[in-house]
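Chemist: Structure supplied as protein_6.csv; contents: CSV, C-alpha atoms.
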chain,number,residue,atom,x,y,z
A,1024,MET,CA,91.4,-186.0,5.9
A,1025,GLN,CA,91.1,-186.0,2.1
A,1026,PRO,CA,87.6,-184.6,2.0
A,1027,ARG,CA,85.6,-184.9,-1.2
A,1028,THR,CA,83.4,-182.0,-0.1
A,1029,TYR,CA,83.9,-179.0,2.2
A,1030,LEU,CA,81.4,-176.6,3.7
A,1031,GLU,CA,82.5,-173.4,5.5
A,1032,ILE,CA,80.2,-171.2,7.6
A,1033,GLY,CA,81.9,-167.8,8.1
A,1034,VAL,CA,84.1,-167.1,5.1
A,1035,PHE,CA,85.2,-163.5,5.9
A,1036,THR,CA,88.3,-162.8,3.8
A,1037,GLY,CA,88.7,-166.4,2.6
A,1038,SER,CA,91.8,-167.3,4.7
A,1039,SER,CA,90.4,-170.8,5.6
A,1040,LEU,CA,88.6,-171.3,2.3
A,1041,GLY,CA,91.8,-170.6,0.5
A,1042,LEU,CA,93.2,-173.8,1.9
A,1043,SER,CA,90.6,-176.0,0.3
A,1044,ARG,CA,91.5,-178.1,-2.7
A,1045,THR,CA,88.2,-179.9,-3.1
A,1046,LYS,CA,84.6,-178.9,-4.1
A,1047,SER,CA,83.5,-176.3,-1.5
A,1048,ILE,CA,80.6,-174.2,-0.4
A,1049,GLY,CA,81.1,-171.0,1.6
A,1050,VAL,CA,78.3,-169.2,3.5
A,1051,ASP,CA,78.7,-165.7,4.9
A,1052,PRO,CA,76.3,-162.7,4.7
A,1053,GLY,CA,79.2,-160.3,4.6
A,1054,TYR,CA,82.2,-162.0,3.0
A,1055,SER,CA,84.9,-159.9,1.5
A,1056,ILE,CA,87.4,-162.3,0.0
A,1057,THR,CA,91.0,-161.0,-0.3
A,1058,LYS,CA,92.7,-164.4,-0.5
A,1059,GLU,CA,93.2,-166.5,-3.6
A,1060,ILE,CA,90.7,-169.4,-3.8
A,1061,GLU,CA,92.0,-172.5,-5.5
A,1062,CYS,CA,89.1,-174.8,-5.5
A,1063,GLU,CA,85.7,-175.2,-7.2
A,1064,VAL,CA,83.5,-173.2,-4.9
A,1065,GLN,CA,80.0,-171.9,-4.6
A,1066,LEU,CA,79.6,-168.8,-2.4
A,1067,HIS,CA,76.4,-167.8,-0.7
A,1068,ARG,CA,76.1,-164.2,0.6
A,1069,THR,CA,73.4,-165.1,3.2
A,1070,THR,CA,73.1,-166.2,6.8
A,1071,SER,CA,73.6,-169.9,7.7
A,1072,ASP,CA,70.0,-170.1,9.0
A,1073,GLU,CA,68.6,-168.9,5.6
A,1074,PHE,CA,71.0,-171.1,3.7
A,1075,PHE,CA,69.9,-174.3,5.4
A,1076,SER,CA,66.2,-173.3,5.1
A,1077,ARG,CA,66.5,-174.0,1.3
A,1078,PRO,CA,65.1,-177.2,-0.2
A,1079,ASP,CA,68.5,-178.7,-1.1
A,1080,PRO,CA,71.2,-176.3,0.2
A,1081,VAL,CA,74.1,-178.6,-0.7
A,1082,ALA,CA,72.9,-179.6,-4.2
A,1083,PHE,CA,76.2,-178.2,-5.5
A,1084,PHE,CA,77.8,-181.4,-4.2
A,1085,GLY,CA,75.8,-183.6,-6.5
A,1086,GLY,CA,74.6,-186.0,-3.8
A,1087,VAL,CA,78.0,-186.6,-2.2
A,1088,PRO,CA,77.7,-186.1,1.5
A,1089,LEU,CA,79.8,-183.6,3.4
A,1090,ASP,CA,83.2,-184.9,4.5
A,1091,LEU,CA,84.4,-181.8,6.2
A,1092,ALA,CA,82.6,-178.8,7.7
A,1093,PHE,CA,84.1,-175.7,9.4
A,1094,ILE,CA,81.7,-173.7,11.6
A,1095,ASP,CA,83.1,-170.2,12.3
A,1096,GLY,CA,80.0,-168.1,12.0
A,1097,MET,CA,78.3,-165.9,14.6
A,1098,HIS,CA,80.2,-166.2,17.9
A,1099,LEU,CA,77.1,-166.9,20.0
A,1100,ALA,CA,76.3,-170.4,21.3
A,1101,GLU,CA,72.7,-170.5,19.9
A,1102,PHE,CA,74.0,-169.8,16.4
A,1103,ALA,CA,76.8,-172.4,16.6
A,1104,LEU,CA,74.4,-175.0,18.0
A,1105,ARG,CA,72.0,-174.5,15.1
A,1106,ASP,CA,74.8,-174.5,12.6
A,1107,PHE,CA,75.9,-177.9,14.0
A,1108,MET,CA,72.4,-179.3,13.9
A,1109,ASN,CA,71.9,-178.2,10.3
A,1110,VAL,CA,75.4,-179.3,9.1
A,1111,GLU,CA,75.2,-182.8,10.7
A,1112,LYS,CA,72.1,-183.6,8.5
A,1113,HIS,CA,74.3,-183.4,5.4
A,1114,MET,CA,77.4,-185.1,6.8
A,1115,SER,CA,78.9,-188.4,6.0
A,1116,PRO,CA,78.9,-190.4,9.3
A,1117,ALA,CA,82.7,-190.7,8.8
A,1118,GLY,CA,83.0,-187.0,8.2
A,1119,VAL,CA,84.4,-184.3,10.5
A,1120,VAL,CA,82.9,-181.1,11.9
A,1121,LEU,CA,85.3,-178.4,13.2
A,1122,LEU,CA,83.8,-175.9,15.6
A,1123,ASP,CA,86.1,-172.8,15.9
A,1124,ASP,CA,86.6,-170.5,18.9
A,1125,MET,CA,85.7,-173.2,21.5
A,1126,LEU,CA,88.6,-172.6,23.9
A,1127,PRO,CA,88.4,-169.0,25.1
A,1128,ARG,CA,91.4,-167.9,27.3
A,1129,ASN,CA,89.4,-165.8,29.7
A,1130,SER,CA,85.8,-164.7,30.5
A,1131,LEU,CA,86.2,-161.5,28.6
A,1132,GLU,CA,87.1,-163.3,25.4
A,1133,ALA,CA,84.0,-165.5,26.0
A,1134,ALA,CA,81.6,-162.6,26.5
A,1135,ARG,CA,78.4,-162.6,24.4
A,1136,ASP,CA,78.9,-158.8,24.0
A,1137,ARG,CA,82.3,-158.4,22.3
A,1138,ARG,CA,84.9,-156.6,24.4
A,1139,THR,CA,88.2,-158.0,23.1
A,1140,ALA,CA,90.2,-158.0,19.8
A,1141,ALA,CA,90.3,-161.8,19.7
A,1142,TRP,CA,86.6,-162.8,20.3
A,1143,ALA,CA,85.5,-166.3,20.9
A,1144,GLY,CA,82.1,-165.5,22.2
A,1145,ASP,CA,80.2,-168.1,24.2
A,1146,VAL,CA,80.3,-170.9,21.6
A,1147,PHE,CA,82.2,-173.0,24.1
A,1148,LYS,CA,78.8,-173.9,25.6
A,1149,VAL,CA,78.0,-176.1,22.6
A,1150,ALA,CA,80.6,-178.7,23.6
A,1151,ASP,CA,78.8,-179.3,27.0
A,1152,ILE,CA,75.4,-179.4,25.2
A,1153,LEU,CA,76.7,-182.0,22.8
A,1154,ARG,CA,78.2,-184.0,25.6
A,1155,THR,CA,74.9,-183.9,27.5
A,1156,TYR,CA,72.5,-184.8,24.7
A,1157,ARG,CA,74.7,-186.6,22.2
A,1158,PRO,CA,77.1,-188.9,24.1
A,1159,ASP,CA,77.3,-190.9,20.9
A,1160,LEU,CA,79.5,-188.2,19.4
A,1161,THR,CA,83.3,-188.0,19.9
A,1162,LEU,CA,84.5,-184.5,20.8
A,1163,VAL,CA,88.2,-183.6,20.6
A,1164,PRO,CA,89.4,-180.2,21.8
A,1165,VAL,CA,92.4,-179.0,19.9
A,1166,ASN,CA,95.0,-176.4,21.1
A,1167,THR,CA,94.9,-174.1,18.2
A,1168,SER,CA,95.6,-170.3,18.2
A,1169,PRO,CA,94.2,-168.1,19.3
A,1170,THR,CA,90.8,-169.4,20.6
A,1171,GLY,CA,90.9,-173.1,20.1
A,1172,THR,CA,88.9,-175.7,18.1
A,1173,VAL,CA,86.8,-178.7,18.8
A,1174,LEU,CA,86.5,-181.6,16.3
A,1175,VAL,CA,83.3,-183.6,16.3
A,1176,LEU,CA,83.4,-187.2,15.0
A,1177,GLY,CA,81.1,-190.2,15.0
A,1178,LEU,CA,78.3,-188.2,13.3
A,1179,ASP,CA,74.7,-189.4,12.8
A,1180,PRO,CA,72.9,-187.4,10.1
A,1181,THR,CA,69.6,-189.2,11.1
A,1182,SER,CA,69.7,-188.1,14.7
A,1183,ARG,CA,66.9,-185.9,15.9
A,1184,VAL,CA,68.0,-185.8,19.6
A,1185,LEU,CA,69.0,-182.1,19.5
A,1186,GLU,CA,65.8,-181.1,17.8
A,1187,ASP,CA,63.8,-183.0,20.4
A,1188,ASN,CA,65.7,-181.2,23.2
A,1189,TYR,CA,66.2,-177.9,21.5
A,1190,ASP,CA,64.3,-175.7,24.0
A,1191,ALA,CA,66.4,-177.0,26.9
A,1192,ALA,CA,69.6,-176.7,24.9
A,1193,LEU,CA,68.7,-173.2,23.8
A,1194,ALA,CA,68.2,-172.2,27.4
A,1195,ALA,CA,71.7,-173.4,28.2
A,1196,CYS,CA,73.0,-171.1,25.5
A,1197,MET,CA,71.5,-167.9,26.9
A,1198,ALA,CA,73.4,-167.4,30.2
A,1199,PRO,CA,74.3,-163.6,30.4
A,1200,ASP,CA,77.7,-162.1,30.8
A,1201,PRO,CA,80.0,-162.5,32.6
A,1202,GLN,CA,80.4,-166.0,31.3
A,1203,VAL,CA,81.5,-168.8,33.6
A,1204,VAL,CA,84.0,-170.8,31.5
A,1205,PRO,CA,85.1,-174.2,32.9
A,1206,ASP,CA,88.6,-174.2,34.2
A,1207,GLU,CA,89.6,-177.1,31.9
A,1208,THR,CA,88.5,-175.0,29.0
A,1209,LEU,CA,90.5,-172.0,30.0
A,1210,ARG,CA,93.6,-174.1,30.8
A,1211,ARG,CA,93.1,-176.4,27.7
A,1212,THR,CA,93.6,-179.3,30.0
A,1213,TYR,CA,92.4,-182.0,27.6
A,1214,ALA,CA,93.2,-180.2,24.4
A,1215,ALA,CA,95.1,-182.2,21.8
A,1216,ASP,CA,98.3,-181.0,20.1
A,1217,PRO,CA,97.2,-180.3,16.4
A,1218,VAL,CA,100.3,-181.9,14.9
A,1219,THR,CA,100.1,-185.0,17.0
A,1220,LEU,CA,96.4,-185.3,16.2
A,1221,MET,CA,96.9,-185.1,12.4
A,1222,GLU,CA,99.3,-188.0,12.7
A,1223,SER,CA,96.7,-190.2,14.2
A,1224,PRO,CA,95.8,-193.4,12.1
A,1225,VAL,CA,92.1,-192.5,12.5
A,1226,TRP,CA,92.0,-190.3,9.5
A,1227,ALA,CA,92.9,-193.0,7.0
A,1228,LYS,CA,90.3,-195.3,8.5
A,1229,LEU,CA,87.6,-192.6,8.2
A,1230,VAL,CA,88.6,-192.0,4.6
A,1231,ALA,CA,88.2,-195.7,3.9
A,1232,LEU,CA,84.7,-195.8,5.6
A,1233,ARG,CA,83.4,-193.0,3.4
A,1234,LYS,CA,83.2,-195.4,0.5
A,1235,LYS,CA,80.8,-197.7,2.3
A,1236,ASN,CA,77.5,-197.7,4.0
A,1237,VAL,CA,79.0,-197.0,7.4
A,1238,SER,CA,77.7,-199.1,10.3
A,1239,ARG,CA,77.9,-197.7,13.8
A,1240,ALA,CA,80.1,-200.6,14.9
A,1241,ALA,CA,82.6,-199.9,12.1
A,1242,LEU,CA,82.6,-196.2,12.9
A,1243,ASP,CA,83.2,-196.8,16.6
A,1244,LYS,CA,86.0,-199.2,15.8
A,1245,ALA,CA,87.7,-196.6,13.6
A,1246,LEU,CA,87.3,-193.9,16.3
A,1247,GLY,CA,89.0,-196.3,18.8
A,1248,THR,CA,92.2,-195.7,16.9
A,1249,LEU,CA,92.1,-192.0,17.6
A,1250,THR,CA,95.3,-190.8,19.2
A,1251,THR,CA,95.9,-187.3,20.6
If you took the structure in this file and wrote it as structure tokens, what would it be?
Modeler:
Amino acid sequence: MQPRTYLEIGVFTGSSLGLSRTKSIGVDPGYSITKEIECEVQLHRTTSDEFFSRPDPVAFFGGVPLDLAFIDGMHLAEFALRDFMNVEKHMSPAGVVLLDDMLPRNSLEAARDRRTAAWAGDVFKVADILRTYRPDLTLVPVNTSPTGTVLVLGLDPTSRVLEDNYDAALAACMAPDPQVVPDETLRRTYAADPVTLMESPVWAKLVALRKKNVSRAALDKALGTLTT
């Protein structure tokens, strides 16, 4: 993916942030880093909502848009939805947003009230919300361990569709436990193999588009080369 910039929500011990080799921002109100960090990084010990309420939260990137964002914050759908809404505003259209914990393996793992060691929470709901209100986006479930990931591509930092429909989207987030997880989510029916996905020609095409004023037509053409 060769990102120029990387934003991570939910740093914890730094296991994911430690993989970055580009200019990075990490946001977590309670991070306790135990891993070696090998990139130029700005850490913010605060909530993502507070971080994005600042006048220019990503000023550290010097005007370069976000190429890669990893959302692994609070494992509740309404938090993950707001994180996506806030992140997209700062993304390159040719960038990639990764939503973690999107493929729970059972309803207990998907509970809003944590009851299991590996906890996905109910963030899986965000995928259906995006499919409903943002059909312009490309969502790719990925079969990662333990609780799955969804990649979001075809971004539009100017879109206000989710803001305009926020009340309805928020209501969809708030279904109480026990959670009803779609069977295709539990079985990972449409989830891509991560190794195969990373070999797709789409990544080189997206990297090339970052250097231009990206048109929707060019972005859609690049995404048409996505292989999973």
Chemist: Env of Arg1211 in chain A: 9 Å cut, atoms = all atoms listed in the file, seq-sep filter 6 positions within chain, self excluded. Answer as a PDB file with C-alpha atoms, in the frame of the given file.
Modeler:
ATOM      1  CA  LEU A1126      88.600-172.600  23.900  1.00  0.00           C
ATOM      2  CA  ARG A1128      91.400-167.900  27.300  1.00  0.00           C
ATOM      3  CA  PRO A1164      89.400-180.200  21.800  1.00  0.00           C
ATOM      4  CA  VAL A1165      92.400-179.000  19.900  1.00  0.00           C
ATOM      5  CA  ASN A1166      95.000-176.400  21.100  1.00  0.00           C
ATOM      6  CA  GLY A1171      90.900-173.100  20.100  1.00  0.00           C
TER       7      GLY A1171
END
Chemist: Point out the residue among A:Pro1127, A:Pro1180, A:Pro1052, A:Gly1037 with the least atom-to-atom distance to Val1204 in chain A, counting only C-alpha atoms.
Modeler: A:Pro1127
Chemist: Rank nothing, just name the residue among A:Leu1193, A:Ala1215, A:Ala1198, A:Leu1091 nearest to Asp1136 in chain A, using all atoms listed in the file.
Modeler: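 Among the listed residues, A:Ala1198 lies closest to Asp1136 in chain A.
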Chemist: Write out as a list of chain:residue names the residues lying within 9 Å of range 1074-1086 of chain A, counting only C-alpha atoms and excluding same-chain residues fewer than 2 positions away.
Modeler: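 That gives A:Thr1028, A:Leu1030, A:Lys1046, A:Ser1047, A:Ile1048, A:Val1050, A:Val1064, A:Gln1065, A:His1067, A:Thr1069, A:Thr1070, A:Ser1071, A:Asp1072, A:Pro1088, A:Leu1089, A:Asp1106, A:Asn1109, A:Val1110, A:His1113.
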Chemist: Could those selected residues go to a file with C-alpha atoms, as a short mmCIF file (atom, residue, chain, number, x, y, z; two decimals), keeping the file's coordinate frame?
Modeler:
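Output file out33.cif is given in full below:
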data_model
loop_
_atom_site.label_atom_id
_atom_site.label_comp_id
_atom_site.auth_asym_id
_atom_site.auth_seq_id
_atom_site.Cartn_x
_atom_site.Cartn_y
_atom_site.Cartn_z
CA THR A 1028 83.40 -182.00 -0.10
CA LEU A 1030 81.40 -176.60 3.70
CA LYS A 1046 84.60 -178.90 -4.10
CA SER A 1047 83.50 -176.30 -1.50
CA ILE A 1048 80.60 -174.20 -0.40
CA VAL A 1050 78.30 -169.20 3.50
CA VAL A 1064 83.50 -173.20 -4.90
CA GLN A 1065 80.00 -171.90 -4.60
CA HIS A 1067 76.40 -167.80 -0.70
CA THR A 1069 73.40 -165.10 3.20
CA THR A 1070 73.10 -166.20 6.80
CA SER A 1071 73.60 -169.90 7.70
CA ASP A 1072 70.00 -170.10 9.00
CA PRO A 1088 77.70 -186.10 1.50
CA LEU A 1089 79.80 -183.60 3.40
CA ASP A 1106 74.80 -174.50 12.60
CA ASN A 1109 71.90 -178.20 10.30
CA VAL A 1110 75.40 -179.30 9.10
CA HIS A 1113 74.30 -183.40 5.40
#
Chemist: Could you tell me how far CA of Glu1111 in chain A sits from CA of Asp1179 in chain A, in Å to one decimal place?
Modeler: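 Atom-to-atom, CA of Asp1179 in chain A to CA of Glu1111 in chain A, that is 6.9 Å.
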Chemist: For a test of reading the model, state the distance in Å between CA of Val1237 in chain A and CA of Gly1049 in chain A, rounded to one decimal.
Modeler: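 CA of Gly1049 in chain A lies 26.7 Å from CA of Val1237 in chain A.
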